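Shown next: final09.txt, given as compact mmCIF, C-alpha atoms.
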# COMPACT_ATOMS: atom_id res chain seq x y z
CA MET Q 1 -54.05 162.12 37.94
CA LYS Q 2 -56.51 164.16 39.97
CA PRO Q 3 -55.20 167.75 40.38
CA LYS Q 4 -53.93 168.60 43.87
CA PHE Q 5 -56.33 171.51 44.27
CA LEU Q 6 -59.27 169.23 43.43
CA HIS Q 7 -58.05 166.59 45.90
CA ASN Q 8 -57.80 169.24 48.62
CA ILE Q 9 -61.14 170.90 47.92
CA GLN Q 10 -62.98 167.57 47.92
CA ASN Q 11 -61.95 167.11 51.57
CA LYS Q 12 -63.54 170.41 52.57
CA ILE Q 13 -66.93 170.49 54.29
CA TYR Q 14 -68.32 173.07 51.89
CA PHE Q 15 -67.59 171.10 48.70
CA ILE Q 16 -70.75 168.96 48.45
CA PRO Q 17 -73.14 171.69 49.76
CA SER Q 18 -71.63 174.08 47.21
CA ILE Q 19 -72.42 171.68 44.39
CA TYR Q 20 -76.05 171.50 45.49
CA ALA Q 21 -76.21 175.28 45.89
CA VAL Q 22 -74.87 175.94 42.39
CA SER Q 23 -77.19 173.28 40.92
CA ALA Q 24 -80.17 174.91 42.65
CA ALA Q 25 -79.18 178.32 41.25
CA PHE Q 26 -79.07 176.89 37.72
CA LEU Q 27 -82.41 175.14 38.25
CA SER Q 28 -83.93 178.40 39.42
CA LEU Q 29 -82.57 180.20 36.36
CA PHE Q 30 -83.94 177.48 34.08
CA VAL Q 31 -87.41 177.61 35.63
CA ILE Q 32 -87.45 181.43 35.53
CA ILE Q 33 -86.67 181.33 31.79
CA ILE Q 34 -89.52 178.87 31.24
CA ASP Q 35 -91.91 181.10 33.20
CA ARG Q 36 -90.93 184.21 31.29
CA TYR Q 37 -90.58 182.97 27.74
CA PHE Q 38 -92.19 179.55 27.35
CA ASN Q 39 -95.16 179.54 29.73
CA THR Q 40 -97.60 180.01 26.85
CA VAL Q 41 -96.13 176.91 25.21
CA ILE Q 42 -96.05 174.49 28.15
CA ILE Q 43 -99.54 175.48 29.31
CA ASN Q 44 -100.88 173.72 26.24
CA TYR Q 45 -99.22 170.44 27.25
CA LEU Q 46 -99.62 170.31 31.04
CA PRO Q 47 -102.82 170.25 33.14
CA GLY Q 48 -103.93 173.61 34.51
CA TYR Q 49 -103.49 172.61 38.15
CA PHE Q 50 -99.69 172.57 37.58
CA PHE Q 51 -99.80 176.37 37.33
CA THR Q 52 -100.60 179.08 39.86
CA SER Q 53 -101.33 182.78 39.94
CA TYR Q 54 -98.68 185.36 40.83
CA ASP Q 55 -100.02 185.95 44.35
CA LEU Q 56 -100.25 182.23 45.15
CA ALA Q 57 -96.78 181.63 43.69
CA LYS Q 58 -95.33 184.40 45.84
CA THR Q 59 -96.99 182.96 48.95
CA ILE Q 60 -95.76 179.41 48.24
CA LEU Q 61 -92.17 180.44 47.50
CA SER Q 62 -91.87 182.78 50.49
CA THR Q 63 -93.35 180.14 52.83
CA LEU Q 64 -91.01 177.43 51.55
CA ALA Q 65 -87.96 179.70 51.79
CA GLY Q 66 -88.72 180.41 55.46
CA SER Q 67 -89.45 176.76 56.22
CA LEU Q 68 -86.27 175.51 54.58
CA PHE Q 69 -84.21 178.09 56.44
CA ALA Q 70 -85.72 176.77 59.67
CA MET Q 71 -84.78 173.21 58.61
CA ILE Q 72 -81.20 174.37 58.03
CA THR Q 73 -81.12 175.89 61.51
CA VAL Q 74 -82.47 172.73 63.16
CA SER Q 75 -80.06 170.53 61.21
CA PHE Q 76 -77.12 172.73 62.17
CA SER Q 77 -78.14 172.58 65.84
CA THR Q 78 -78.41 168.78 65.62
CA ILE Q 79 -74.96 168.59 64.06
CA MET Q 80 -73.50 170.68 66.89
CA VAL Q 81 -75.07 168.39 69.52
CA VAL Q 82 -73.74 165.26 67.82
CA LEU Q 83 -70.25 166.78 67.43
CA THR Q 84 -70.20 167.72 71.12
CA MET Q 85 -71.09 164.14 72.03
CA TYR Q 86 -68.44 162.74 69.68
CA SER Q 87 -65.80 164.97 71.24
CA SER Q 88 -66.71 164.22 74.86
CA GLN Q 89 -67.78 160.57 74.66
CA PHE Q 90 -65.75 159.07 71.80
CA SER Q 91 -62.78 161.03 70.45
CA PRO Q 92 -62.16 164.44 68.88
CA ARG Q 93 -60.64 162.61 65.90
CA THR Q 94 -63.98 160.91 65.17
CA MET Q 95 -65.87 164.19 64.71
CA GLN Q 96 -64.94 164.38 61.04
CA ASP Q 97 -66.53 160.97 60.50
CA PHE Q 98 -69.90 162.57 61.16
CA LEU Q 99 -69.21 166.08 59.94
CA LYS Q 100 -67.70 164.92 56.61
CA ASN Q 101 -70.07 162.01 56.18
CA ARG Q 102 -71.70 162.15 52.74
CA VAL Q 103 -75.17 161.81 54.25
CA THR Q 104 -74.65 164.83 56.52
CA LEU Q 105 -73.22 166.95 53.70
CA LYS Q 106 -75.90 165.88 51.22
CA VAL Q 107 -78.67 166.81 53.67
CA LEU Q 108 -77.16 170.25 54.21
CA GLY Q 109 -76.69 170.58 50.45
CA VAL Q 110 -80.32 169.69 49.72
CA PHE Q 111 -81.61 172.18 52.32
CA ILE Q 112 -79.33 174.96 51.11
CA GLY Q 113 -80.21 174.18 47.50
CA GLY Q 114 -83.94 174.25 48.26
CA PHE Q 115 -83.61 177.59 50.06
CA ILE Q 116 -81.56 179.11 47.22
CA TYR Q 117 -84.05 177.89 44.62
CA SER Q 118 -87.01 179.34 46.53
CA ILE Q 119 -85.41 182.72 47.29
CA LEU Q 120 -83.98 183.24 43.78
CA THR Q 121 -87.21 182.23 42.09
CA LEU Q 122 -89.11 184.57 44.41
CA LEU Q 123 -86.68 187.37 43.59
CA PHE Q 124 -87.15 187.05 39.83
CA LEU Q 125 -90.83 186.09 39.88
CA ASN Q 126 -92.51 187.82 36.96
CA ASP Q 127 -95.50 189.88 38.10
CA ASN Q 128 -96.43 190.75 34.52
CA LEU Q 129 -98.24 187.45 34.03
CA GLN Q 130 -101.58 188.74 35.20
CA GLY Q 131 -104.90 189.16 33.46
CA GLU Q 132 -105.47 186.45 30.90
CA GLN Q 133 -102.42 184.43 32.00
CA GLU Q 134 -102.51 185.01 35.74
CA ALA Q 135 -102.64 181.25 36.35
CA ALA Q 136 -99.64 180.46 34.14
CA ILE Q 137 -96.74 180.48 36.63
CA PHE Q 138 -94.91 177.15 36.68
CA SER Q 139 -92.07 177.66 39.21
CA PRO Q 140 -94.11 176.94 42.41
CA LEU Q 141 -94.69 173.36 41.23
CA ILE Q 142 -90.93 172.74 41.20
CA ALA Q 143 -90.65 174.45 44.59
CA VAL Q 144 -93.24 172.10 46.08
CA ILE Q 145 -91.39 169.07 44.67
CA VAL Q 146 -88.11 170.40 46.12
CA ALA Q 147 -89.82 170.94 49.49
CA ILE Q 148 -91.10 167.36 49.55
CA ILE Q 149 -87.59 166.09 48.75
CA CYS Q 150 -86.17 168.25 51.54
CA LEU Q 151 -88.71 166.89 53.99
CA GLY Q 152 -87.71 163.32 53.10
CA TYR Q 153 -84.05 164.18 53.59
CA PHE Q 154 -84.86 165.78 56.93
CA VAL Q 155 -86.45 162.57 58.21
CA TYR Q 156 -83.49 160.59 56.87
CA PHE Q 157 -81.07 162.98 58.59
CA ILE Q 158 -82.76 162.51 61.97
CA HIS Q 159 -82.45 158.73 61.50
CA HIS Q 160 -78.79 159.15 60.50
CA ALA Q 161 -78.00 161.37 63.51
CA ALA Q 162 -79.69 158.91 65.90
CA ASN Q 163 -77.62 156.02 64.51
CA SER Q 164 -74.41 158.02 64.54
CA VAL Q 165 -74.41 158.44 68.32
CA GLN Q 166 -74.64 154.67 68.89
CA VAL Q 167 -71.12 153.63 69.79
CA ASN Q 168 -71.42 150.11 68.33
CA LEU Q 169 -72.42 151.50 64.94
CA LEU Q 170 -69.65 154.11 65.11
CA VAL Q 171 -67.02 151.46 65.87
CA GLU Q 172 -68.36 149.24 63.11
CA ASN Q 173 -68.16 152.13 60.63
CA LEU Q 174 -64.61 152.96 61.73
CA LYS Q 175 -63.61 149.33 61.25
CA GLN Q 176 -65.22 149.13 57.82
CA GLU Q 177 -63.53 152.37 56.81
CA ILE Q 178 -60.10 150.79 57.42
CA ILE Q 179 -61.04 147.51 55.76
CA ASP Q 180 -62.17 149.38 52.64
CA ILE Q 181 -58.80 151.15 52.42
CA VAL Q 182 -56.91 147.87 52.85
CA ASN Q 183 -59.08 146.16 50.22
CA LYS Q 184 -58.55 149.03 47.80
CA PHE Q 185 -54.76 148.98 48.16
CA GLU Q 186 -54.54 145.19 48.04
CA GLU Q 187 -56.73 144.93 44.95
CA ARG Q 188 -54.66 147.59 43.21
CA ASN Q 189 -51.36 145.91 44.12
CA ASN Q 190 -52.50 142.41 43.18
CA SER Q 191 -53.84 143.54 39.81
CA ASN Q 192 -50.56 145.25 38.85
CA ASP Q 193 -47.56 142.97 38.33
CA LYS Q 194 -45.28 146.00 38.40
CA ILE Q 195 -45.98 146.48 42.12
CA ARG Q 196 -44.19 143.96 44.34
CA ASN Q 197 -43.33 143.42 47.99
CA VAL Q 198 -39.88 142.01 47.31
CA PRO Q 199 -37.04 144.51 46.83
CA PRO Q 200 -34.48 144.02 44.07
CA PRO Q 201 -31.23 142.32 45.13
CA ASN Q 202 -29.18 145.46 44.41
CA LEU Q 203 -31.38 147.81 46.51
CA LYS Q 204 -28.69 148.41 49.13
CA GLU Q 205 -26.14 149.16 46.44
CA ILE Q 206 -28.50 151.71 44.85
CA THR Q 207 -29.48 153.49 48.05
CA GLU Q 208 -25.88 153.85 49.23
CA LYS Q 209 -25.06 156.08 46.27
CA GLU Q 210 -25.26 159.85 46.43
CA SER Q 211 -28.83 161.07 46.14
CA MET Q 212 -30.80 164.25 45.76
CA THR Q 213 -33.21 165.05 48.59
CA PHE Q 214 -36.36 167.10 48.25
CA LYS Q 215 -38.16 168.78 51.13
CA ALA Q 216 -41.88 169.41 51.51
CA ASP Q 217 -43.16 172.67 50.05
CA ARG Q 218 -45.52 173.28 52.99
CA SER Q 219 -46.30 172.07 56.51
CA GLY Q 220 -49.09 169.62 57.24
CA TYR Q 221 -50.12 165.98 57.04
CA ILE Q 222 -49.45 163.89 53.97
CA GLN Q 223 -52.87 162.91 52.65
CA TYR Q 224 -51.91 161.09 49.46
CA ILE Q 225 -48.89 160.04 47.39
CA TYR Q 226 -49.52 159.50 43.68
CA ASP Q 227 -47.36 156.38 43.53
CA ILE Q 228 -48.26 155.16 40.03
CA GLN Q 229 -47.69 158.62 38.55
CA LEU Q 230 -44.37 158.92 40.40
CA THR Q 231 -43.35 155.57 38.95
CA ASN Q 232 -44.10 156.79 35.43
CA LEU Q 233 -42.22 160.03 36.11
CA ALA Q 234 -39.18 158.13 37.41
CA ASP Q 235 -39.24 155.91 34.32
CA GLU Q 236 -39.47 158.96 32.05
CA LEU Q 237 -36.58 160.83 33.73
CA ASP Q 238 -34.46 157.73 34.37
CA LEU Q 239 -34.65 158.06 38.17
CA ILE Q 240 -35.27 155.98 41.26
CA ILE Q 241 -37.49 157.76 43.78
CA ARG Q 242 -37.99 156.75 47.40
CA ALA Q 243 -40.68 158.23 49.64
CA GLU Q 244 -39.13 159.06 53.00
CA LYS Q 245 -42.48 159.81 54.63
CA MET Q 246 -45.77 157.91 54.55
CA ILE Q 247 -49.42 158.88 54.29
CA GLY Q 248 -50.45 160.37 57.64
CA ASP Q 249 -46.99 161.66 58.61
CA TYR Q 250 -46.64 165.28 59.65
CA VAL Q 251 -44.03 167.23 57.67
CA THR Q 252 -42.64 170.76 57.63
CA GLU Q 253 -40.69 172.77 55.08
CA ASN Q 254 -37.51 171.27 56.59
CA THR Q 255 -38.65 167.65 56.28
CA ILE Q 256 -37.13 165.50 53.55
CA VAL Q 257 -40.00 163.72 51.81
CA PHE Q 258 -38.24 162.20 48.78
CA SER Q 259 -34.80 160.85 47.97
CA VAL Q 260 -33.89 160.58 44.30
CA TRP Q 261 -31.11 158.70 42.54
CA GLN Q 262 -30.13 159.46 38.94
CA LEU Q 263 -29.30 156.27 37.09
CA ASN Q 264 -27.38 158.03 34.32
CA PRO Q 265 -26.40 161.43 35.69
CA SER Q 266 -25.34 164.06 33.21
CA GLU Q 267 -24.71 167.78 33.23
CA GLU Q 268 -28.05 168.33 31.54
CA MET Q 269 -29.90 166.37 34.22
CA LYS Q 270 -28.05 168.14 37.04
CA GLU Q 271 -29.18 171.49 35.72
CA THR Q 272 -32.82 170.43 35.88
CA LYS Q 273 -32.87 169.57 39.60
CA GLU Q 274 -35.39 172.32 40.38
CA VAL Q 275 -37.62 171.13 37.55
CA ILE Q 276 -37.41 167.55 38.81
CA GLU Q 277 -38.21 168.71 42.35
CA LYS Q 278 -41.30 170.59 41.21
CA LYS Q 279 -42.57 167.63 39.17
CA ILE Q 280 -42.07 165.22 42.06
CA LEU Q 281 -43.64 167.45 44.72
CA ASP Q 282 -46.66 167.95 42.47
CA HIS Q 283 -47.45 164.29 43.18
CA LEU Q 284 -47.65 164.82 46.95
CA VAL Q 285 -50.84 166.07 48.64
CA ILE Q 286 -50.36 167.84 51.98
CA ASP Q 287 -53.12 169.41 54.07
CA ASN Q 288 -53.51 170.76 57.60
CA GLU Q 289 -55.39 167.71 58.89
CA ARG Q 290 -55.25 163.95 58.45
CA SER Q 291 -57.64 162.35 56.02
CA ASN Q 292 -59.48 159.09 56.65
CA LYS Q 293 -59.64 158.18 52.95
CA ASN Q 294 -56.20 156.57 52.55
CA ASP Q 295 -54.66 156.65 56.03
CA ILE Q 296 -54.85 153.19 57.64
CA GLU Q 297 -52.91 154.22 60.73
CA PHE Q 298 -55.28 157.13 61.36
CA GLY Q 299 -58.26 154.75 61.31
CA LEU Q 300 -56.57 152.51 63.87
CA LEU Q 301 -55.80 155.57 66.00
CA LYS Q 302 -59.47 156.56 66.09
CA LEU Q 303 -60.56 153.07 67.14
CA THR Q 304 -57.90 153.05 69.85
CA GLU Q 305 -59.00 156.45 71.14
CA VAL Q 306 -62.61 155.32 71.41
CA ALA Q 307 -61.43 152.35 73.51
CA LEU Q 308 -59.24 154.60 75.67
CA ARG Q 309 -62.07 157.03 76.28
CA ALA Q 310 -64.34 154.10 77.24
CA ILE Q 311 -61.95 152.87 79.98
CA SER Q 312 -61.29 156.35 81.36
CA PRO Q 313 -62.66 157.01 84.89
CA GLY Q 314 -65.04 159.65 83.55
CA ILE Q 315 -66.75 157.25 81.11
CA ASN Q 316 -66.06 153.85 82.74
CA ASP Q 317 -67.51 151.69 79.94
CA PRO Q 318 -65.19 148.65 79.69
CA ASN Q 319 -67.59 146.69 77.46
CA THR Q 320 -67.24 149.33 74.76
CA ALA Q 321 -63.47 149.12 75.13
CA VAL Q 322 -63.61 145.34 74.73
CA PHE Q 323 -65.73 145.70 71.61
CA CYS Q 324 -63.28 148.22 70.13
CA ILE Q 325 -60.28 145.99 70.88
CA ASN Q 326 -62.00 143.03 69.21
CA GLN Q 327 -62.55 145.15 66.10
CA LEU Q 328 -58.92 146.24 66.21
CA GLY Q 329 -57.93 142.58 66.23
CA TRP Q 330 -60.07 141.89 63.18
CA VAL Q 331 -58.67 144.90 61.29
CA LEU Q 332 -55.06 144.00 62.10
CA SER Q 333 -55.66 140.38 61.06
CA ARG Q 334 -56.84 141.70 57.70
CA ILE Q 335 -53.78 143.94 57.38
CA ALA Q 336 -51.47 141.04 58.32
CA VAL Q 337 -52.49 139.01 55.28
CA ALA Q 338 -52.88 141.94 52.86
CA ASN Q 339 -50.37 142.64 50.13
CA ILE Q 340 -49.69 146.28 51.07
CA GLU Q 341 -46.47 146.44 53.11
CA ASN Q 342 -43.19 147.72 51.59
CA THR Q 343 -44.11 148.12 47.95
CA TYR Q 344 -41.60 148.46 45.11
CA TYR Q 345 -42.69 149.78 41.72
CA TYR Q 346 -41.11 148.68 38.44
CA ASN Q 347 -41.35 149.86 34.84
CA ASP Q 348 -42.01 147.85 31.68
CA LYS Q 349 -38.32 146.88 31.53
CA ASP Q 350 -38.54 145.39 35.02
CA GLU Q 351 -36.38 148.18 36.43
CA LEU Q 352 -37.00 149.65 39.89
CA CYS Q 353 -38.50 153.16 39.73
CA PHE Q 354 -40.26 153.97 43.00
CA ILE Q 355 -39.90 152.76 46.61
CA LEU Q 356 -42.65 153.07 49.20
CA GLU Q 357 -41.52 151.36 52.42
CA ASP Q 358 -44.50 151.55 54.74
CA ILE Q 359 -44.70 151.06 58.50
CA SER Q 360 -43.86 147.51 59.62
CA PHE Q 361 -46.55 145.26 61.06
CA TRP Q 362 -44.74 145.15 64.42
CA ASP Q 363 -44.78 148.95 64.64
CA LEU Q 364 -48.45 148.93 63.72
CA LEU Q 365 -49.13 146.48 66.56
CA TYR Q 366 -47.20 148.67 68.98
CA LYS Q 367 -48.87 151.95 67.96
CA THR Q 368 -52.30 150.33 68.22
CA PHE Q 369 -51.97 148.78 71.67
CA TYR Q 370 -49.27 150.59 73.66
CA GLN Q 371 -51.63 153.19 75.11
CA LEU Q 372 -54.24 150.54 75.92
CA ARG Q 373 -51.52 148.57 77.69
CA HIS Q 374 -50.62 151.60 79.82
CA TYR Q 375 -54.08 152.91 80.73
CA GLY Q 376 -55.69 149.48 81.13
CA ASN Q 377 -52.91 147.91 83.18
CA GLN Q 378 -55.29 147.17 86.07
CA ASP Q 379 -58.32 146.06 84.09
CA VAL Q 380 -58.50 142.31 83.53
CA SER Q 381 -61.12 142.69 80.81
CA VAL Q 382 -58.79 144.93 78.80
CA ALA Q 383 -55.86 142.51 79.11
CA GLY Q 384 -58.10 139.60 78.18
CA SER Q 385 -59.58 141.38 75.16
CA ILE Q 386 -56.10 142.33 73.89
CA LEU Q 387 -55.09 138.66 74.11
CA ASP Q 388 -58.27 137.77 72.20
CA ALA Q 389 -57.35 140.37 69.57
CA LEU Q 390 -53.86 138.91 69.25
CA LEU Q 391 -55.41 135.45 68.82
CA ILE Q 392 -57.62 136.80 66.03
CA ILE Q 393 -54.54 138.27 64.34
CA ALA Q 394 -52.57 135.03 64.64
CA GLU Q 395 -55.34 132.89 63.13
CA GLY Q 396 -54.70 132.48 59.44
CA SER Q 397 -51.54 134.60 59.44
CA SER Q 398 -48.06 133.63 58.32
CA GLU Q 399 -45.48 132.10 60.63
CA LYS Q 400 -43.64 135.42 60.72
CA VAL Q 401 -46.74 137.23 61.97
CA LYS Q 402 -47.51 134.47 64.49
CA LYS Q 403 -44.03 134.88 65.95
CA GLN Q 404 -44.46 138.65 66.18
CA VAL Q 405 -47.83 138.25 67.86
CA TRP Q 406 -46.47 135.81 70.45
CA ASN Q 407 -43.54 138.10 71.29
CA PHE Q 408 -45.88 141.08 71.46
CA SER Q 409 -48.10 139.29 73.98
CA HIS Q 410 -45.15 139.29 76.41
CA TYR Q 411 -44.92 143.06 76.03
CA ILE Q 412 -48.65 143.44 76.76
CA LEU Q 413 -48.65 141.18 79.81
CA GLY Q 414 -45.36 142.61 81.09
CA GLY Q 415 -47.04 145.95 81.62
CA PHE Q 416 -49.98 144.55 83.54
CA ASP Q 417 -50.20 145.13 87.28
CA ILE Q 418 -50.10 141.58 88.63
CA LYS Q 419 -50.81 142.78 92.18
CA VAL Q 420 -54.48 143.43 91.31
CA LEU Q 421 -55.07 139.83 90.12
CA GLU Q 422 -56.98 137.28 92.16
CA ASN Q 423 -56.74 133.57 91.47
CA GLU Q 424 -59.79 133.55 89.18
CA ASP Q 425 -58.32 136.45 87.22
CA LYS Q 426 -55.09 134.53 86.75
CA LYS Q 427 -56.98 131.45 85.56
CA PHE Q 428 -58.92 133.65 83.14
CA LEU Q 429 -55.76 135.12 81.61
CA ASN Q 430 -53.85 131.83 81.65
CA HIS Q 431 -56.61 130.25 79.59
CA LYS Q 432 -56.33 132.97 76.94
CA ILE Q 433 -52.54 132.76 76.94
CA TYR Q 434 -52.76 129.02 76.37
CA LYS Q 435 -55.03 129.44 73.35
CA LEU Q 436 -52.70 132.08 71.88
CA ALA Q 437 -49.65 129.86 72.53
CA LYS Q 438 -51.35 126.93 70.85
CA GLU Q 439 -52.21 129.02 67.77
CA THR Q 440 -48.66 130.38 67.52
CA LYS Q 441 -47.09 126.95 68.21
CA ASN Q 442 -45.62 127.89 71.59
CA SER Q 443 -47.61 125.54 73.82
CA ASP Q 444 -44.49 124.45 75.68
CA LYS Q 445 -43.92 128.00 76.98
CA THR Q 446 -47.17 128.64 78.82
CA ASP Q 447 -47.02 126.63 82.02
CA ASN Q 448 -48.53 128.84 84.69
CA TYR Q 449 -47.70 132.17 83.14
CA PHE Q 450 -49.52 133.64 86.13
CA GLN Q 451 -48.87 131.41 89.15
CA VAL Q 452 -52.20 130.37 90.75
Give the structure from the file, written as structure tokens.
Amino acid sequence: MKPKFLHNIQNKIYFIPSIYAVSAAFLSLFVIIIDRYFNTVIINYLPGYFFTSYDLAKTILSTLAGSLFAMITVSFSTIMVVLTMYSSQFSPRTMQDFLKNRVTLKVLGVFIGGFIYSILTLLFLNDNLQGEQEAAIFSPLIAVIVAIICLGYFVYFIHHAANSVQVNLLVENLKQEIIDIVNKFEERNNSNDKIRNVPPPNLKEITEKESMTFKADRSGYIQYIYDIQLTNLADELDLIIRAEKMIGDYVTENTIVFSVWQLNPSEEMKETKEVIEKKILDHLVIDNERSNKNDIEFGLLKLTEVALRAISPGINDPNTAVFCINQLGWVLSRIAVANIENTYYYNDKDELCFILEDISFWDLLYKTFYQLRHYGNQDVSVAGSILDALLIIAEGSSEKVKKQVWNFSHYILGGFDIKVLENEDKKFLNHKIYKLAKETKNSDKTDNYFQV
């Protein structure tokens, strides 16, 4: 299991740049040692033009240090401009998708590393290598190579920043981010026969018994639950553990996050309640912001907010909203057929150990579209695109999901302002309703939904 502190620090902006900075410091130390103690050895194996004099080395390193610092400043300014655009045009929740993007952090890391290498090497540059060996300084060669690498990353960063402000690419990335999470969870669940979607027949009998409840040890958003490790812990301590909160939920020190049942309670086990609580809470990662690595609902929220911002009077870009809603339909259709809802974890003896009852698909539908229904209640294109999204979800889904989708379409259309519709608008929506009814096997219930 990855330690909690490592999981938390990996989500921080400074983590990747710090790795590059430390690596650059070690590289500088290594090159300084070569210059001071092994320059007479390597000069016999490398061409003379790989080495410089002390004065030239000092000039090169000082020039590169200043240039790389300027690159850092320009990159930081570019990041601020992009973040401002993300916040005003898309959604404040999408800013971390650019700020914590590995490309952005790697570019900053390379620039910072190059600057640290140049400034440290310049600081410890040996001015005793003059006279017979005045052309035996090796470190500027590495500095030039680092500068060339930094220049390549700078060009790549400009390309990355230009692509990041294109809303279609942003929406596509947000969609793919959710799909990757769903694929990861589904692949894990399908490859482990101890993880199932069907509860045991005696689940109600178990959960009605007296249980221990454990509260969160800090306030914040749940970023990850180590479910497999909790299953092993429950098996080891002869417990059944149920997560009362899901990834993405906000909790406080008064929020119950786990319920625990002892299968064979004893005085010895009762005395170790605090120990059990500590072991269980060690498998819960809580931070002060939501993470996009394992939180499916958060990804859907960001896509929804981009669509909402697009149909706002200040932006007035309904085509972007339609594109976002179509992507939401595709993502929800993938979730509908994935093996990730309400998972129950068993041990080698086929005994229930851990319960993770996630948000239902109906609730996911509601949370995704209820704001779009409210703020787009006079926009025919929004209503039509939501119906298209529901059709995408229904295609290839189970009968249960088809029924939910058909019932949910009534909720969507019930909130639409019919007074703004002209006859052509009604025909447009009736056509989409008919296609959805046909897919969900409700063709007999669509006659003139909107009277023309």
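Relative to CA of Glu341 (chain Q), CA of Leu284 (chain Q) is found at 19.4 Å.
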Exercise for review: Give me the residues within 7 Å of region 200-214 of chain Q as a ChimeraX atom specification, counting only C-alpha atoms and dropping any in the same chain fewer than 6 places off.
Suggested key: /Q:256-261,277
Checklist line | Contacts of Leu387 (chain Q) at 9 Å (only C-alpha atoms; same-chain gap of 6+ positions) as a VMD selection string | finding: chain Q and resid 409 412 to 413 429 432 to 433 436
Mind writing the picked residues with C-alpha atoms as a PDB file, keeping the file's coordinate frame?
ATOM      1  CA  SER Q 409     -48.100 139.290  73.980  1.00  0.00           C
ATOM      2  CA  ILE Q 412     -48.650 143.440  76.760  1.00  0.00           C
ATOM      3  CA  LEU Q 413     -48.650 141.180  79.810  1.00  0.00           C
ATOM      4  CA  LEU Q 429     -55.760 135.120  81.610  1.00  0.00           C
ATOM      5  CA  LYS Q 432     -56.330 132.970  76.940  1.00  0.00           C
ATOM      6  CA  ILE Q 433     -52.540 132.760  76.940  1.00  0.00           C
ATOM      7  CA  LEU Q 436     -52.700 132.080  71.880  1.00  0.00           C
TER       8      LEU Q 436
END
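Among Q:Lys273, Q:Lys293, Q:Arg242, Q:His159, the residue with the shortest atom-to-atom distance to Val182 (chain Q), counting only C-alpha atoms, is Q:Lys293.
Among the candidates Q:Ala310, Q:Leu125, Q:Ala216, Q:Leu233, the one nearest to Ile32 (chain Q) when counting only C-alpha atoms is Q:Leu125.
Minimum atom-to-atom distance to Arg93 (chain Q), evaluated using only C-alpha atoms, belongs to Q:Lys302 out of Q:Lys215, Q:Lys279, Q:Arg36, Q:Lys302.
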Of Q:Thr320, Q:Thr52, Q:Asn292, Q:Thr121, the one nearest to Glu305 (chain Q) when counting all atoms listed in the file is Q:Thr320
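CA of Leu308 (chain Q) lies 6.9 Å from CA of Ala321 (chain Q).
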Of Q:Asp317, Q:Asp358, Q:Asp249, Q:Asp217, the one nearest to Ile280 (chain Q) when counting all atoms listed in the file is Q:Asp217
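Put simply, CA of Gln166 (chain Q) is 13.8 Å away from CA of Ser88 (chain Q).
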Original post:
If I put a ball of radius 9 Å at (-54.2, 133.0, 71.3) in the file's coordinates, which residues poke into it when counting all atoms listed in the file, written as a PyMOL selection string?
Top reply: chain Q and resi 387-395+405-406+432-440
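The nearest approach to Phe38 (chain Q) among the residues Q:Ala136, Q:Ala24, Q:Leu303, Q:Asp379, with all atoms listed in the file taken into account, belongs to Q:Ala136.
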For Ser312 (chain Q), list every protein, DNA or RNA residue within 9 Å, evaluated using all atoms listed in the file, and leave out those in the same chain fewer than 5 positions away; present the list as JSON, numbers by chain. {"Q": [307, 317, 318, 375, 376]}
Notebook entry, point to check: Can you tell me, as a PyMOL selection string, which residues sit within 8 Å of (-38.9, 153.0, 37.9) in the file's frame, using only C-alpha atoms?
Noted result: chain Q and resi 231-235+238-241+345-347+351-354
Specify the axis-aligned box that encloses all atoms of region 388-399 of chain Q listed in the file after padding of 8 Å on each side, stating its centre and edge lengths in Å to one decimal as AutoDock Vina command-line options.
--center_x -51.9 --center_y 136.2 --center_z 65.3 --size_x 28.8 --size_y 24.3 --size_z 29.9
